[in-house]
Structure formats: C-alpha cells, structure tokens
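The data block below is final-v3.txt; it holds compact mmCIF, C-alpha atoms.
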```
# COMPACT_ATOMS: atom_id res chain seq x y z
CA GLU G 1 0.00 0.00 0.00
CA MET G 2 2.80 2.41 0.87
CA ALA G 3 4.55 1.79 -2.46
CA CYS G 4 1.35 2.41 -4.46
CA ARG G 5 0.44 5.49 -2.49
CA THR G 6 3.91 6.98 -2.86
CA ILE G 7 4.05 6.46 -6.63
CA CYS G 8 0.53 7.80 -7.23
CA GLU G 9 0.77 10.80 -4.92
CA ARG G 10 4.24 11.91 -6.02
CA TRP G 11 3.84 11.59 -9.77
CA ASN G 12 4.19 15.06 -11.31
CA GLY G 13 2.67 14.15 -14.69
CA ARG G 14 5.98 13.64 -16.48
CA VAL G 15 6.24 10.51 -18.61
CA ASP G 16 9.87 9.51 -18.93
CA GLN G 17 12.23 6.84 -17.72
CA GLN G 18 13.93 9.00 -15.10
CA SER G 19 10.58 10.02 -13.56
CA VAL G 20 9.35 6.46 -13.16
CA ILE G 21 12.71 5.35 -11.74
CA ALA G 22 12.63 8.23 -9.24
CA LEU G 23 9.10 7.31 -8.17
CA VAL G 24 10.01 3.66 -7.59
CA LYS G 25 13.14 4.64 -5.67
CA GLU G 26 11.07 6.97 -3.48
CA ALA G 27 8.61 4.14 -2.85
CA HIS G 28 11.57 1.98 -1.80
CA LYS G 29 12.63 4.64 0.72
CA GLN G 30 9.10 4.85 2.11
CA VAL G 31 8.86 1.07 2.54
CA LEU G 32 12.25 1.06 4.26
CA ALA G 33 11.02 3.79 6.62
CA LEU G 34 8.32 1.40 7.87
CA HIS G 35 10.88 -1.14 9.10
CA ASN G 36 11.45 -1.51 12.82
CA ARG G 37 13.17 -4.01 15.05
CA TYR G 38 10.20 -6.38 14.94
CA TYR G 39 9.56 -6.59 11.22
CA SER G 40 10.72 -5.55 7.81
CA MET G 41 8.48 -5.51 4.78
CA LYS G 42 9.31 -6.11 1.16
CA THR G 43 7.27 -5.87 -1.99
CA THR G 44 7.66 -6.16 -5.71
CA VAL G 45 6.40 -3.34 -7.90
CA VAL G 46 5.50 -2.54 -11.48
CA ALA G 47 4.58 1.03 -12.47
CA LEU G 48 3.37 2.58 -15.73
CA LEU G 49 3.20 6.26 -16.65
CA SER G 50 1.51 7.39 -19.86
CA ASP G 51 0.25 10.54 -21.56
CA GLN G 52 -1.28 8.77 -24.59
CA GLU G 53 1.75 9.68 -26.75
CA SER G 54 4.40 7.79 -24.81
CA ALA G 55 4.75 5.37 -21.94
CA ALA G 56 7.40 4.80 -19.31
CA TRP G 57 7.43 1.83 -17.01
CA ALA G 58 9.58 0.33 -14.29
CA HIS G 59 9.62 -2.78 -12.21
CA VAL G 60 11.43 -4.43 -9.34
CA GLY G 61 11.01 -8.13 -8.57
CA ASP G 62 8.65 -10.55 -10.28
CA SER G 63 5.62 -8.36 -10.85
CA ARG G 64 5.29 -7.89 -14.59
CA LEU G 65 4.19 -5.47 -17.27
CA TYR G 66 2.90 -6.79 -20.60
CA HIS G 67 2.50 -4.41 -23.57
CA PHE G 68 0.20 -5.40 -26.42
CA TYR G 69 0.13 -3.37 -29.63
CA ASN G 70 -2.80 -3.88 -32.00
CA LYS G 71 -3.75 -6.88 -29.83
CA LYS G 72 -0.39 -8.66 -30.18
CA LEU G 73 2.11 -9.08 -27.32
CA VAL G 74 5.16 -6.94 -28.14
CA PHE G 75 6.95 -6.70 -24.79
CA GLN G 76 7.03 -8.16 -21.30
CA THR G 77 9.35 -7.39 -18.42
CA LYS G 78 11.87 -9.95 -17.19
CA ASP G 79 11.65 -11.02 -13.56
CA HIS G 80 14.40 -10.40 -11.03
CA SER G 81 14.25 -13.99 -9.82
CA ALA G 82 16.24 -17.21 -9.67
CA SER G 83 13.88 -18.86 -12.13
CA GLN G 84 14.34 -16.01 -14.66
CA ILE G 85 18.10 -16.51 -14.42
CA ALA G 86 17.56 -20.22 -15.09
CA VAL G 87 15.65 -19.27 -18.25
CA MET G 88 18.43 -16.90 -19.34
CA LEU G 89 21.03 -19.65 -18.79
CA GLY G 90 18.97 -22.12 -20.82
CA ASP G 91 18.39 -24.44 -17.86
CA ILE G 92 14.59 -24.14 -18.16
CA THR G 93 12.18 -22.85 -20.81
CA PRO G 94 10.16 -19.64 -20.34
CA ASP G 95 7.06 -21.81 -19.82
CA GLN G 96 8.76 -23.66 -16.94
CA ILE G 97 9.35 -20.43 -14.99
CA ARG G 98 5.76 -20.41 -13.72
CA PHE G 99 6.10 -23.30 -11.30
CA HIS G 100 9.86 -23.70 -11.02
CA GLU G 101 11.10 -24.68 -7.55
CA ASP G 102 13.03 -21.39 -7.20
CA ARG G 103 10.29 -19.07 -8.50
CA SER G 104 9.85 -17.47 -5.06
CA THR G 105 13.53 -16.49 -4.84
CA VAL G 106 13.42 -12.82 -5.82
CA TYR G 107 16.66 -10.84 -6.00
CA ARG G 108 15.18 -7.35 -6.01
CA ALA G 109 12.35 -5.97 -3.90
CA LEU G 110 11.31 -2.66 -2.41
CA GLY G 111 12.26 -2.71 1.25
CA GLN G 112 15.49 -4.65 0.80
CA GLU G 113 18.46 -3.19 2.58
CA GLY G 114 20.41 -0.50 0.73
CA ASP G 115 19.74 1.11 -2.61
CA ILE G 116 17.54 -0.54 -5.21
CA LYS G 117 18.29 -1.14 -8.88
CA VAL G 118 15.20 -0.32 -10.91
CA GLU G 119 14.68 -1.68 -14.41
CA ALA G 120 12.86 0.83 -16.61
CA ARG G 121 11.93 1.54 -20.21
CA GLU G 122 10.44 4.44 -22.14
CA GLU G 123 8.62 4.06 -25.47
CA PRO G 124 6.76 6.34 -27.87
CA LEU G 125 3.27 5.03 -28.56
CA PRO G 126 2.61 4.99 -32.32
CA PRO G 127 -0.99 5.28 -33.52
CA GLY G 128 -2.98 2.13 -32.90
CA HIS G 129 -4.34 0.17 -29.97
CA HIS G 130 -2.09 -0.21 -26.93
CA ALA G 131 -3.08 -2.47 -24.05
CA PHE G 132 -1.06 -2.86 -20.88
CA LEU G 133 -1.37 -5.51 -18.20
CA LEU G 134 0.41 -4.94 -14.88
CA CYS G 135 0.25 -7.90 -12.54
CA SER G 136 1.77 -9.84 -9.68
CA ASP G 137 3.28 -13.30 -10.03
CA GLY G 138 0.15 -14.89 -8.56
CA PHE G 139 -1.69 -13.64 -11.65
CA TRP G 140 0.74 -14.33 -14.51
CA GLU G 141 1.62 -17.79 -13.17
CA TYR G 142 -1.93 -18.92 -13.98
CA VAL G 143 -2.72 -16.97 -17.14
CA LEU G 144 -0.50 -17.76 -20.12
CA GLU G 145 0.67 -15.05 -22.51
CA ALA G 146 -1.19 -16.63 -25.44
CA GLU G 147 -4.37 -16.59 -23.32
CA MET G 148 -3.85 -12.93 -22.42
CA GLU G 149 -3.66 -12.16 -26.13
CA GLU G 150 -6.67 -14.36 -26.96
CA ASP G 151 -8.79 -12.68 -24.26
CA LEU G 152 -7.67 -9.24 -25.43
CA LYS G 153 -8.81 -9.98 -28.99
CA ALA G 154 -12.21 -11.13 -27.68
CA ALA G 155 -12.79 -8.23 -25.26
CA ALA G 156 -14.82 -5.12 -26.02
CA ASP G 157 -13.22 -3.03 -23.27
CA PRO G 158 -10.50 -3.19 -20.59
CA GLU G 159 -12.88 -4.42 -17.90
CA GLU G 160 -14.02 -7.34 -20.03
CA TRP G 161 -10.40 -8.23 -20.83
CA LEU G 162 -9.54 -8.36 -17.14
CA GLN G 163 -12.71 -10.36 -16.36
CA LYS G 164 -11.85 -12.96 -19.00
CA MET G 165 -8.34 -13.41 -17.59
CA ARG G 166 -9.65 -13.53 -14.02
CA ALA G 167 -12.08 -16.30 -15.05
CA ARG G 168 -9.11 -18.38 -16.22
CA LEU G 169 -7.24 -17.61 -13.01
CA LYS G 170 -10.21 -18.64 -10.85
CA GLN G 171 -10.32 -22.07 -12.50
CA ARG G 172 -6.62 -22.71 -11.85
CA VAL G 173 -5.52 -20.95 -8.70
CA PRO G 174 -5.20 -22.86 -5.42
CA ALA G 175 -7.54 -21.82 -2.61
CA ASP G 176 -4.71 -20.29 -0.56
CA ASN G 177 -3.53 -17.94 -3.34
CA ASP G 178 -3.84 -14.34 -2.15
CA ASN G 179 -1.36 -12.78 -4.54
CA ASN G 180 -3.13 -12.19 -7.82
CA THR G 181 -3.28 -8.46 -8.31
CA ALA G 182 -3.77 -7.11 -11.84
CA ALA G 183 -4.62 -3.84 -13.56
CA VAL G 184 -5.13 -3.07 -17.24
CA LEU G 185 -4.97 0.06 -19.37
CA TRP G 186 -6.05 0.59 -22.97
CA LEU G 187 -4.90 3.51 -25.09
CA ASP G 188 -6.12 4.26 -28.63
```
Let me see whether you can do it: turn the structure in this file into structure tokens.
Amino acid sequence: EMACRTICERWNGRVDQQSVIALVKEAHKQVLALHNRYYSMKTTVVALLSDQESAAWAHVGDSRLYHFYNKKLVFQTKDHSASQIAVMLGDITPDQIRFHEDRSTVYRALGQEGDIKVEAREEPLPPGHHAFLLCSDGFWEYVLEAEMEEDLKAAADPEEWLQKMRARLKQRVPADNDNNTAAVLWLD
C-alpha cells in the first residue's frame, strides 16, 4: 500500500524513464522507513506512466508489465528472480518459470536493505491500440501469454479483458492464493 500510495501521490505528470525510476526509488525509501526491530516488509512493484503519446514503465522483482500493440504481445518485463536466471542460462524454458522450484527467490524488492536497482523503459506510442497488463506473479503464473492475447482480442473493453483473464485464473488458482493483483490500461 505504501509503495502504491507513494508512486501515485508523487507523480508530477511527467512521462519519462527518469521520472518512473525516481518514483520507484522513493517508494523503496518509504517502505524502508516502515521497518522496525520487529519486522521488515518487502514488496515487488511494477509502475506505468503514460500521456497517450508515450509510456514509461519500471519494475522491481517478479511483478510484470505486458505491452500489447494492436492486440499482439510486443513486450514483457523480465523477472528479477532465480527462475528467470535459469531461463536466461537455458536451464529451463520460459514456460517452466511459472512453477519452477526457485520461483519465489526474488533478487530485487522494495524494502530490501540499501539502494535498489530499478529496471525501466520508455517508449513512444505509435498510432494504434495499446493495451497494458500490470500484474503480480500470482496472476501471470496462472494466465499464459497466449491466453492474455486471446482474451484481449475477444474483449470489447479493458474491464471485459480483465474479467476474462480472471475467469481463467479462478479455474486454476489454489484456494490459498492471495497474490493475484492485476490492472489493465487501454490507449487508442
């Protein structure tokens, strides 16, 4: 909650890579400020800034951003996790990352000690339909990228797209899953 509040309240309307990095770093400081001798909190984060002409996004951990252009997946963030490293080394396939034994080992998180390295990107948005999905690992683990694209093509609006993906998630997720946050944005 602190990370979300910090990013939303401190955004000055600028849409560029440095702005989104600064917002995530400030959120990291605010999460660190909540630590005391009894507990320390950590969270992953994915943030998107847009003004309809461009977009800037950043992430830390294994929460992801997916960018679809004209209803085709064109970009997704890479996790800061042991299982992502296994994919990069060729030890497992991208499909195996979802339920890999080390998927919960995250190397970057807001609230970790010291400074945080934020991965960010800035892109102009050419004319056409842009759809963004921002979600936690408890969401993307159960909804495949091809299904995200299929549901996007079948949806009339952002709410319907999210509902279609949530229906898939509901059929697959274990009862104790409490980590399936997702938000969508469409830009035309």
For this session: Step by step: start from the point (4.6, -3.9, -9.8) in the file's coordinates, keep every protein, DNA or RNA residue that has an atom no farther than 7 Å from it, count only C-alpha atoms, and write the set as a PyMOL selection string.
Result: chain G and resi 44-47+59-60+63-64+134-136
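Neighbouring residues of Lys29 in chain G at 9 Å or closer, counting all atoms listed in the file and skipping chain neighbours under 3 positions away, are Val24, Lys25, Glu26, Leu32, Ala33, Leu34, Leu110, Gly111 and Asp115 of chain G.
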For this session: Write out as a ChimeraX atom specification which residues come within 10 Å of range 148-165 of chain G when counting only C-alpha atoms, dropping same-chain ones fewer than 5 positions away.
Result: /G:66,68,70-73,131-133,139-140,142-143,170,182-187
Selection from above, C-alpha atoms, as a tab-separated table (two decimals), in the coordinates of the input, can you write it?
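Everything below was put into result03.tsv:
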```
chain	number	residue	atom	x	y	z
G	66	TYR	CA	2.90	-6.79	-20.60
G	68	PHE	CA	0.20	-5.40	-26.42
G	70	ASN	CA	-2.80	-3.88	-32.00
G	71	LYS	CA	-3.75	-6.88	-29.83
G	72	LYS	CA	-0.39	-8.66	-30.18
G	73	LEU	CA	2.11	-9.08	-27.32
G	131	ALA	CA	-3.08	-2.47	-24.05
G	132	PHE	CA	-1.06	-2.86	-20.88
G	133	LEU	CA	-1.37	-5.51	-18.20
G	139	PHE	CA	-1.69	-13.64	-11.65
G	140	TRP	CA	0.74	-14.33	-14.51
G	142	TYR	CA	-1.93	-18.92	-13.98
G	143	VAL	CA	-2.72	-16.97	-17.14
G	170	LYS	CA	-10.21	-18.64	-10.85
G	182	ALA	CA	-3.77	-7.11	-11.84
G	183	ALA	CA	-4.62	-3.84	-13.56
G	184	VAL	CA	-5.13	-3.07	-17.24
G	185	LEU	CA	-4.97	0.06	-19.37
G	186	TRP	CA	-6.05	0.59	-22.97
G	187	LEU	CA	-4.90	3.51	-25.09
```
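CA of Asn180 in chain G is found 24.6 Å from CA of His35 in chain G.
Coordinates place CA of Trp57 in chain G at a distance of 19.4 Å from CA of Val106 in chain G.
Counting all atoms listed in the file, the residue from G:Asp188, G:Glu141, G:Glu9, G:Glu113 that sits nearest to Gln96 in chain G is G:Glu141.
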For this session: Find the distance between CA of Gly138 in chain G and CA of Lys78 in chain G and write it in Å to one decimal.
Result: 15.4 Å
For this session: Find the residues near Val87 in chain G: any atom within 12 Å, counting all atoms listed in the file, skip ones fewer than 2 places away on the same chain, and give them as JSON, numbers by chain.
Result: {"G": [78, 79, 80, 81, 82, 83, 84, 85, 89, 90, 91, 92, 93, 94, 95, 96, 97, 98, 100, 102, 103]}
Give me, as an mmCIF file with C-alpha atoms, in the frame of the given file, all polymer residues having an atom no more than 12 Å from Leu125 in chain G, counting only C-alpha atoms and skipping those fewer than 2 positions away in the same chain.
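Result file follows (part01.cif):
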```
data_model
loop_
_atom_site.group_PDB
_atom_site.id
_atom_site.type_symbol
_atom_site.label_atom_id
_atom_site.label_comp_id
_atom_site.auth_asym_id
_atom_site.auth_seq_id
_atom_site.Cartn_x
_atom_site.Cartn_y
_atom_site.Cartn_z
ATOM 1 C CA VAL G 15 6.240 10.510 -18.610
ATOM 2 C CA LEU G 49 3.200 6.260 -16.650
ATOM 3 C CA SER G 50 1.510 7.390 -19.860
ATOM 4 C CA ASP G 51 0.250 10.540 -21.560
ATOM 5 C CA GLN G 52 -1.280 8.770 -24.590
ATOM 6 C CA GLU G 53 1.750 9.680 -26.750
ATOM 7 C CA SER G 54 4.400 7.790 -24.810
ATOM 8 C CA ALA G 55 4.750 5.370 -21.940
ATOM 9 C CA ALA G 56 7.400 4.800 -19.310
ATOM 10 C CA HIS G 67 2.500 -4.410 -23.570
ATOM 11 C CA PHE G 68 0.200 -5.400 -26.420
ATOM 12 C CA TYR G 69 0.130 -3.370 -29.630
ATOM 13 C CA ASN G 70 -2.800 -3.880 -32.000
ATOM 14 C CA GLU G 122 10.440 4.440 -22.140
ATOM 15 C CA GLU G 123 8.620 4.060 -25.470
ATOM 16 C CA PRO G 127 -0.990 5.280 -33.520
ATOM 17 C CA GLY G 128 -2.980 2.130 -32.900
ATOM 18 C CA HIS G 129 -4.340 0.170 -29.970
ATOM 19 C CA HIS G 130 -2.090 -0.210 -26.930
ATOM 20 C CA ALA G 131 -3.080 -2.470 -24.050
ATOM 21 C CA PHE G 132 -1.060 -2.860 -20.880
ATOM 22 C CA TRP G 186 -6.050 0.590 -22.970
ATOM 23 C CA LEU G 187 -4.900 3.510 -25.090
ATOM 24 C CA ASP G 188 -6.120 4.260 -28.630
#
```
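Among G:Thr43, G:Gln112, G:Asn36, G:Ser19, the residue with the shortest atom-to-atom distance to Ala3 in chain G, counting only C-alpha atoms, is G:Thr43.
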Extending 8 Å beyond the listed atoms of range 115-130 of chain G on each side, what axis-aligned box results? I want centre and edge lengths in Å to one decimal, as lines of an AutoDock Vina configuration file.
```
center_x = 7.7
center_y = 2.3
center_z = -18.1
size_x = 40.1
size_y = 24.0
size_z = 46.9
```
